[in-house]
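All remarks here apply to the structure that follows.
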Amino acid sequence: MIRCALAMLALLLAACPAPARFAPPNRVAPTDAASIERGRYLANHVTVCVTCHSTRDWTAFGGPVVPGTEGRGGESFTEIFNLPDDVVMPAPNITPHALASWTDGEIQRAMIGGLSRDGSALFPSMPFTQYRKMAWSDLDAIVAWLRTLPPQDAALPQRDLVHRSLKDITNLFPAPASPPRRVPQGDSVARGRYLVDAAGCAWCHTPIDRGGWPIPGRAFAGGNRFVVKPPGGGWSHAPNLTPHPTGLGGWTREQFVGRFQRMGDGAATKIETSAGGFNSLMAWEAYSGMTAEDLGAIYDYLMTRRPIEHVVPRWTPPEIGPRKDL
Ligand code: HEC
Ligand code: HEC
């Protein structure tokens, strides 16, 4: 991923690039109930827009969304991306209060192209590089649902990247995209792959090199570490999801689906985090709302990957520190 790459890349940049300029795609979001429902499902349980663009409760397992804050923005990811402490970068408000004057195409340009309405570059913690692999019909459906959110006025600080190097790097990511036309139907493995892309599983579960880029040949092998937000502590490590026995090799499809479903219906909110104790960076509650069919398709896809041997602890406590050898 991008995190520790930033400082290193900055050294290589001589000039300050401006973000690429391109027009918003010419899209009009549908207004029918089925599309809105599809958008709700995706935004809450697959692409997890809501997980980032709201307030999360880090006293509970996986940091579930605080009810009533959906889409209001505010959550910050600077620690997760190892950004300097002085950077201010809240996830913005995406309720109609903020987006009413945006066209559907402008929202889509942010989602898949990485430009804000005024053409400024979004930092790639907004997963636009993932969402451009999604079908137009799904992107349209998400916009349709966003339009139905209750408007909420949240006073959020302005983004301030502070460092020139960070601004330069942010400008490198926006690009026009041509998403596929359709969601794969029927073939469970193809569908699983599509969902894994949309849900950004590889973001955390594929290890990165010291420059911050995915290590070739190590997809889904796990090992990335994330600072656990207070009141928890220590480091949460993303495990191996390949079919090797050190990954998901011993798991049945039912066990995999069940692992997610166990966190549904508010179960995650009832697992409290102790001060300095284990918590997961994975949005279990959000993903638990995927259908058994979709979760099963994700399993089917992961099982087609090359098995990679890699033992990863899920968590290391503050007194031990992060495992650097993974
Ligand atoms: C991993 C967290 C994360 C997820 C998931 C996420 N976003 Fe974002 N999003 C952000 C952050 C952080 C920014 C602000 C980046 C910046 O300021 O440079 C942002 C920016 C945006 C913007 C631009 C708003 C503005 O005022 O410029 C829109 C629109 C947006 N996101 C919509 C979405 C939608 C729709 C989804 C789901 C399909 C989504 N986001 C998923 C973190 C996320
Ligand atoms: C924000 C980072 C992040 C994202 C995104 C993410 N995970 Fe995880 N995942 C983790 C971490 C950290 C753990 C270890 C802690 C735990 O068990 O919750 C984990 C644990 C797991 C486990 C349990 C493995 C075990 O051995 O107990 C499974 C299964 C899993 N993730 C699958 C997925 C799938 C499938 C997706 C995409 C739908 C996904 N993850 C997305 C960070 C992430």
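Residue names in the structure tokens use chain letters A, B, ... in the order shown, residue numbers from 1 in each chain, and ligand numbers from 1 in the order shown.
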I'd like a table as a Markdown table: residues in chain A with an atom no more than 8 Å from ligand 1, each row giving the shortest atom pair and its distance in Å to one decimal, only C-alpha atoms and all ligand atoms counted, sorted by chain and rising residue number.
```
| residue | atom | partner | partner_atom_place_in_ligand_line | distance |
| --- | --- | --- | --- | --- |
| A:Leu42 | CA | ligand 1 | 38 (C) | 7.6 |
| A:Ala43 | CA | ligand 1 | 37 (C) | 5.5 |
| A:Thr47 | CA | ligand 1 | 38 (C) | 5.2 |
| A:Val48 | CA | ligand 1 | 5 (C) | 5.0 |
| A:Cys49 | CA | ligand 1 | 37 (C) | 3.5 |
| A:Val50 | CA | ligand 1 | 41 (C) | 6.9 |
| A:Thr51 | CA | ligand 1 | 5 (C) | 6.4 |
| A:Cys52 | CA | ligand 1 | 2 (C) | 4.3 |
| A:His53 | CA | ligand 1 | 7 (N) | 6.1 |
| A:Glu75 | CA | ligand 1 | 12 (C) | 7.7 |
| A:Ser76 | CA | ligand 1 | 12 (C) | 6.5 |
| A:Phe77 | CA | ligand 1 | 12 (C) | 6.5 |
| A:Met89 | CA | ligand 1 | 17 (O) | 5.4 |
| A:Pro90 | CA | ligand 1 | 12 (C) | 5.7 |
| A:Ala91 | CA | ligand 1 | 11 (C) | 3.9 |
| A:Pro92 | CA | ligand 1 | 26 (O) | 5.3 |
| A:Asn93 | CA | ligand 1 | 26 (O) | 6.7 |
| A:Ile94 | CA | ligand 1 | 29 (C) | 5.9 |
| A:Ala98 | CA | ligand 1 | 26 (O) | 7.2 |
| A:Leu99 | CA | ligand 1 | 29 (C) | 7.4 |
| A:Glu106 | CA | ligand 1 | 29 (C) | 7.9 |
| A:Ile107 | CA | ligand 1 | 29 (C) | 5.0 |
| A:Gln108 | CA | ligand 1 | 29 (C) | 7.4 |
| A:Ala110 | CA | ligand 1 | 29 (C) | 5.2 |
| A:Met111 | CA | ligand 1 | 32 (C) | 5.6 |
| A:Gly114 | CA | ligand 1 | 23 (C) | 7.9 |
| A:Leu115 | CA | ligand 1 | 27 (O) | 7.2 |
| A:Ser116 | CA | ligand 1 | 27 (O) | 4.1 |
| A:Arg117 | CA | ligand 1 | 27 (O) | 6.1 |
| A:Ala121 | CA | ligand 1 | 18 (O) | 6.5 |
| A:Leu122 | CA | ligand 1 | 18 (O) | 3.5 |
| A:Phe123 | CA | ligand 1 | 18 (O) | 3.7 |
| A:Pro124 | CA | ligand 1 | 15 (C) | 6.8 |
| A:Ser125 | CA | ligand 1 | 12 (C) | 5.2 |
| A:Met126 | CA | ligand 1 | 10 (C) | 3.8 |
| A:Pro127 | CA | ligand 1 | 4 (C) | 5.8 |
| A:Phe128 | CA | ligand 1 | 39 (C) | 7.8 |
| A:Tyr131 | CA | ligand 1 | 38 (C) | 6.7 |
| A:Leu139 | CA | ligand 1 | 38 (C) | 7.3 |
| A:Ile142 | CA | ligand 1 | 35 (C) | 6.4 |
| A:Val143 | CA | ligand 1 | 35 (C) | 6.6 |
| A:Leu146 | CA | ligand 1 | 35 (C) | 7.3 |
| A:Arg159 | CA | ligand 1 | 17 (O) | 5.6 |
| A:Thr170 | CA | ligand 1 | 18 (O) | 7.7 |
```
Those same residues, written as a short mmCIF file (atom, residue, chain, number, x, y, z; two decimals), in the first residue's frame with N, CA and C atoms?
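As written to disk, out-v9.cif reads:
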```cif
data_model
loop_
_atom_site.label_atom_id
_atom_site.label_comp_id
_atom_site.auth_asym_id
_atom_site.auth_seq_id
_atom_site.Cartn_x
_atom_site.Cartn_y
_atom_site.Cartn_z
N LEU A 42 -24.11 -2.56 -0.80
CA LEU A 42 -22.69 -2.40 -1.14
C LEU A 42 -22.00 -1.41 -0.21
N ALA A 43 -22.59 -0.25 -0.03
CA ALA A 43 -21.93 0.83 0.72
C ALA A 43 -21.74 0.46 2.20
N THR A 47 -18.26 -2.41 -0.08
CA THR A 47 -17.26 -1.34 -0.28
C THR A 47 -17.03 -0.56 1.02
N VAL A 48 -17.85 -0.81 1.98
CA VAL A 48 -17.81 -0.22 3.33
C VAL A 48 -17.52 1.30 3.35
N CYS A 49 -18.14 2.03 2.45
CA CYS A 49 -18.04 3.50 2.46
C CYS A 49 -18.43 4.04 3.85
N VAL A 50 -19.49 3.43 4.38
CA VAL A 50 -20.04 3.93 5.64
C VAL A 50 -19.05 3.74 6.79
N THR A 51 -18.31 2.64 6.75
CA THR A 51 -17.35 2.36 7.81
C THR A 51 -16.34 3.50 7.94
N CYS A 52 -15.88 4.02 6.83
CA CYS A 52 -14.88 5.08 6.89
C CYS A 52 -15.53 6.46 7.06
N HIS A 53 -16.65 6.67 6.39
CA HIS A 53 -17.25 8.02 6.40
C HIS A 53 -18.24 8.16 7.55
N GLU A 75 -13.89 10.27 10.68
CA GLU A 75 -12.88 9.28 11.09
C GLU A 75 -11.57 9.59 10.35
N SER A 76 -10.46 9.41 11.04
CA SER A 76 -9.17 9.77 10.42
C SER A 76 -8.31 8.51 10.32
N PHE A 77 -7.51 8.41 9.27
CA PHE A 77 -6.73 7.18 9.05
C PHE A 77 -5.24 7.45 9.06
N MET A 89 -6.61 14.82 8.08
CA MET A 89 -7.27 14.26 6.91
C MET A 89 -8.51 13.45 7.30
N PRO A 90 -9.55 14.15 7.75
CA PRO A 90 -10.76 13.40 8.11
C PRO A 90 -11.46 12.90 6.85
N ALA A 91 -12.11 11.74 6.95
CA ALA A 91 -12.99 11.31 5.85
C ALA A 91 -14.13 12.33 5.79
N PRO A 92 -14.39 12.91 4.60
CA PRO A 92 -15.38 13.99 4.53
C PRO A 92 -16.82 13.49 4.70
N ASN A 93 -17.69 14.48 4.91
CA ASN A 93 -19.14 14.25 4.97
C ASN A 93 -19.61 13.85 3.56
N ILE A 94 -20.30 12.70 3.46
CA ILE A 94 -20.85 12.31 2.13
C ILE A 94 -22.37 12.20 2.18
N ALA A 98 -23.52 17.58 2.29
CA ALA A 98 -22.27 17.95 1.63
C ALA A 98 -22.33 17.76 0.12
N LEU A 99 -23.07 16.73 -0.34
CA LEU A 99 -22.98 16.36 -1.77
C LEU A 99 -24.16 16.87 -2.61
N GLU A 106 -19.85 13.73 -10.79
CA GLU A 106 -18.78 14.24 -9.92
C GLU A 106 -18.53 13.30 -8.73
N ILE A 107 -19.60 12.73 -8.20
CA ILE A 107 -19.42 11.77 -7.09
C ILE A 107 -18.67 10.54 -7.63
N GLN A 108 -19.06 10.08 -8.82
CA GLN A 108 -18.38 8.91 -9.41
C GLN A 108 -16.92 9.22 -9.71
N ALA A 110 -15.00 11.09 -7.99
CA ALA A 110 -14.28 10.94 -6.71
C ALA A 110 -14.11 9.45 -6.39
N MET A 111 -15.16 8.66 -6.64
CA MET A 111 -15.14 7.24 -6.26
C MET A 111 -14.14 6.43 -7.07
N GLY A 114 -10.56 9.68 -8.21
CA GLY A 114 -9.73 10.27 -7.16
C GLY A 114 -9.64 11.79 -7.17
N LEU A 115 -10.62 12.45 -7.79
CA LEU A 115 -10.64 13.91 -7.72
C LEU A 115 -11.84 14.40 -6.93
N SER A 116 -11.62 15.43 -6.11
CA SER A 116 -12.75 16.06 -5.42
C SER A 116 -13.49 16.94 -6.42
N ARG A 117 -14.56 17.57 -5.98
CA ARG A 117 -15.39 18.33 -6.92
C ARG A 117 -14.60 19.46 -7.60
N ALA A 121 -6.77 16.61 -5.84
CA ALA A 121 -6.54 15.17 -5.72
C ALA A 121 -6.91 14.68 -4.33
N LEU A 122 -7.57 13.53 -4.27
CA LEU A 122 -7.86 12.90 -2.98
C LEU A 122 -6.71 11.98 -2.61
N PHE A 123 -6.41 11.93 -1.34
CA PHE A 123 -5.38 11.00 -0.88
C PHE A 123 -5.91 9.57 -1.07
N PRO A 124 -5.05 8.63 -1.51
CA PRO A 124 -5.59 7.30 -1.84
C PRO A 124 -6.00 6.43 -0.65
N SER A 125 -6.11 7.01 0.55
CA SER A 125 -6.78 6.24 1.62
C SER A 125 -8.26 6.14 1.27
N MET A 126 -8.76 7.01 0.43
CA MET A 126 -10.06 6.84 -0.21
C MET A 126 -9.82 5.82 -1.33
N PRO A 127 -10.42 4.59 -1.23
CA PRO A 127 -9.97 3.50 -2.11
C PRO A 127 -10.44 3.61 -3.57
N PHE A 128 -10.21 4.73 -4.21
CA PHE A 128 -10.70 4.88 -5.59
C PHE A 128 -9.98 3.94 -6.56
N TYR A 131 -12.18 0.83 -6.39
CA TYR A 131 -13.56 0.93 -6.87
C TYR A 131 -13.63 1.01 -8.39
N LEU A 139 -21.67 1.08 -9.17
CA LEU A 139 -21.25 2.44 -8.80
C LEU A 139 -22.47 3.37 -8.81
N ILE A 142 -24.63 2.82 -5.72
CA ILE A 142 -24.08 3.43 -4.50
C ILE A 142 -24.44 4.92 -4.46
N VAL A 143 -24.29 5.60 -5.58
CA VAL A 143 -24.65 7.02 -5.61
C VAL A 143 -26.15 7.18 -5.32
N LEU A 146 -26.58 6.93 -1.63
CA LEU A 146 -26.02 8.10 -0.91
C LEU A 146 -27.01 9.26 -0.92
N ARG A 159 -8.94 19.45 5.35
CA ARG A 159 -7.76 18.62 5.15
C ARG A 159 -6.52 19.51 5.09
N THR A 170 0.24 12.75 -3.45
CA THR A 170 -1.22 12.66 -3.58
C THR A 170 -1.64 12.97 -5.02
#
```
- request: Select the residues contacting ligand 2 at a distance of at most 8 Å, based on only C-alpha atoms and all ligand atoms, then format the selection as a PyMOL selection string.
  value: chain A and resi 46+62+195-196+199-205+224-226+236-241+247-248+256+259-260+279-284+287+295+298-299+313-315
Give me a file of those residues, with C-alpha atoms, as a CSV table (one decimal), in the first residue's frame.
```csv
chain,number,residue,atom,x,y,z
A,46,VAL,CA,-19.0,-4.6,0.7
A,62,GLY,CA,-13.5,-4.2,14.9
A,195,LEU,CA,-16.2,-8.8,-4.3
A,196,VAL,CA,-12.7,-9.1,-2.9
A,199,ALA,CA,-14.2,-4.9,-0.5
A,200,GLY,CA,-10.4,-4.1,-0.5
A,201,CYS,CA,-9.4,-7.4,1.3
A,202,ALA,CA,-6.0,-7.3,-0.4
A,203,TRP,CA,-5.4,-3.8,0.9
A,204,CYS,CA,-4.7,-5.3,4.3
A,205,HIS,CA,-4.1,-9.0,3.6
A,224,ASN,CA,0.7,-6.1,7.4
A,225,ARG,CA,0.5,-4.6,10.8
A,226,PHE,CA,-1.7,-1.8,12.0
A,236,SER,CA,-3.2,-6.0,14.8
A,237,HIS,CA,-1.7,-8.1,12.0
A,238,ALA,CA,-3.7,-9.2,8.9
A,239,PRO,CA,-3.5,-13.0,8.7
A,240,ASN,CA,-2.7,-15.3,5.7
A,241,LEU,CA,-5.8,-15.9,3.6
A,247,GLY,CA,-3.8,-19.6,6.2
A,248,LEU,CA,-7.3,-20.7,5.4
A,256,PHE,CA,-15.5,-19.1,6.7
A,259,ARG,CA,-16.7,-16.5,11.1
A,260,PHE,CA,-18.3,-13.4,9.5
A,279,ASN,CA,-8.8,-5.1,18.8
A,280,SER,CA,-9.0,-5.7,15.1
A,281,LEU,CA,-8.7,-3.2,12.3
A,282,MET,CA,-11.0,-5.3,10.2
A,283,ALA,CA,-14.6,-4.0,10.0
A,284,TRP,CA,-16.1,-7.3,11.0
A,287,TYR,CA,-18.6,-7.3,6.3
A,295,LEU,CA,-19.2,-14.6,1.5
A,298,ILE,CA,-15.2,-14.9,-1.6
A,299,TYR,CA,-14.1,-18.2,0.0
A,313,PRO,CA,-0.1,-13.7,14.7
A,314,ARG,CA,-3.4,-11.8,14.7
A,315,TRP,CA,-2.2,-9.4,17.4
```
For segment 108-143 of chain A versus segment 171-186 of chain A, which residues have an atom no more than 6 Å away, and what is each residue's nearest atom pair and distance in Å rounded to one decimal, using only C-alpha atoms, chain-then-number order, as a Markdown table?
```
| residue | atom | partner | partner_atom | distance |
| --- | --- | --- | --- | --- |
| A:Gly113 | CA | A:Pro176 | CA | 5.1 |
| A:Gly114 | CA | A:Pro174 | CA | 4.6 |
| A:Ala121 | CA | A:Asn171 | CA | 5.5 |
| A:Arg132 | CA | A:Pro179 | CA | 5.3 |
| A:Lys133 | CA | A:Pro179 | CA | 5.5 |
| A:Met134 | CA | A:Pro179 | CA | 5.9 |
| A:Ala135 | CA | A:Pro180 | CA | 4.8 |
| A:Trp136 | CA | A:Arg181 | CA | 5.6 |
```
Write the residues you've just listed into a file as a PDB file, in the first residue's frame, and include C-alpha atoms for each of them.
```
ATOM      1  CA  GLY A 113     -10.948   8.754 -10.428  1.00  0.00           C
ATOM      2  CA  GLY A 114      -9.725  10.273  -7.159  1.00  0.00           C
ATOM      3  CA  ALA A 121      -6.536  15.169  -5.717  1.00  0.00           C
ATOM      4  CA  ARG A 132     -12.591   1.456 -10.505  1.00  0.00           C
ATOM      5  CA  LYS A 133     -12.704  -2.332 -10.862  1.00  0.00           C
ATOM      6  CA  MET A 134     -16.442  -2.270 -10.074  1.00  0.00           C
ATOM      7  CA  ALA A 135     -19.231  -2.327 -12.645  1.00  0.00           C
ATOM      8  CA  TRP A 136     -21.012   0.900 -13.574  1.00  0.00           C
TER       9      TRP A 136
END
```
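The gap separating atom CA of Pro216 of chain A from atom CA of Val257 of chain A is 28.0 Å, in Å to one decimal.
Counting only C-alpha atoms, the residue from A:Val227, A:Leu83, A:Ala34, A:Ile320 that sits nearest to Ala144 of chain A is A:Ala34.
These are the residues of segment 268-316 of chain A assigned helix (DSSP H, G or I) by DSSP from backbone coordinates: Ala268, Thr269, Lys270, Trp284, Glu285, Ala286, Tyr287, Ser288, Ala292, Glu293, Asp294, Leu295, Gly296, Ala297, Ile298, Tyr299, Asp300, Tyr301 and Leu302 of chain A.
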May I have the selected residues written with C-alpha atoms, as a PDB file, in the first residue's frame?
```pdb
ATOM      1  CA  ALA A 268     -19.320  -7.130  17.467  1.00  0.00           C
ATOM      2  CA  THR A 269     -20.551  -4.186  19.538  1.00  0.00           C
ATOM      3  CA  LYS A 270     -20.897  -6.490  22.556  1.00  0.00           C
ATOM      4  CA  TRP A 284     -16.142  -7.308  10.955  1.00  0.00           C
ATOM      5  CA  GLU A 285     -19.574  -5.922  11.707  1.00  0.00           C
ATOM      6  CA  ALA A 286     -19.802  -4.238   8.318  1.00  0.00           C
ATOM      7  CA  TYR A 287     -18.632  -7.265   6.321  1.00  0.00           C
ATOM      8  CA  SER A 288     -20.831  -9.614   8.389  1.00  0.00           C
ATOM      9  CA  ALA A 292     -23.909 -16.115   2.709  1.00  0.00           C
ATOM     10  CA  GLU A 293     -23.768 -16.458  -1.079  1.00  0.00           C
ATOM     11  CA  ASP A 294     -21.354 -13.527  -1.441  1.00  0.00           C
ATOM     12  CA  LEU A 295     -19.186 -14.638   1.482  1.00  0.00           C
ATOM     13  CA  GLY A 296     -19.119 -18.156   0.029  1.00  0.00           C
ATOM     14  CA  ALA A 297     -18.031 -16.732  -3.351  1.00  0.00           C
ATOM     15  CA  ILE A 298     -15.170 -14.884  -1.615  1.00  0.00           C
ATOM     16  CA  TYR A 299     -14.086 -18.179  -0.043  1.00  0.00           C
ATOM     17  CA  ASP A 300     -14.311 -19.958  -3.408  1.00  0.00           C
ATOM     18  CA  TYR A 301     -12.079 -17.316  -4.988  1.00  0.00           C
ATOM     19  CA  LEU A 302      -9.512 -17.325  -2.166  1.00  0.00           C
TER      20      LEU A 302
END
```
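Of the residues under consideration (A:Ala275, A:Met263, A:Ala221, A:Ala155), A:Ala221 shows the shortest atom-to-atom contact distance to Pro307 of chain A when counting only C-alpha atoms.
Every residue of segment 66-295 of chain A with a DSSP assignment of strand (DSSP E or B), taken from the backbone, is listed as Ser76, Val88, Pro90, Leu115, Ala121, Asp160, Ile208, Pro214, Arg225, Phe226, Val227, Trp235, Ser236, His237 and Glu272 of chain A.
In this model, the gap between atom CA of Ser120 of chain A and atom CA of Val162 of chain A comes to 15.1 Å.
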task: Find the spatial neighbours of Asp57 of chain A, counting only C-alpha atoms, within a cut-off of 6 Å - ignore same-chain residues fewer than 5 positions away - and output them as a ChimeraX atom specification.
output: /A:63-64,66
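Of note, atom CA of Trp251 of chain A and atom CA of Gly289 of chain A are spaced 20.2 Å apart.
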- request: Select, from A:Leu166, A:Ala141, A:Ala29, A:Ala219, the residue with the minimum atom-to-atom distance to Asn82 of chain A, counting only C-alpha atoms.
  value: A:Leu166
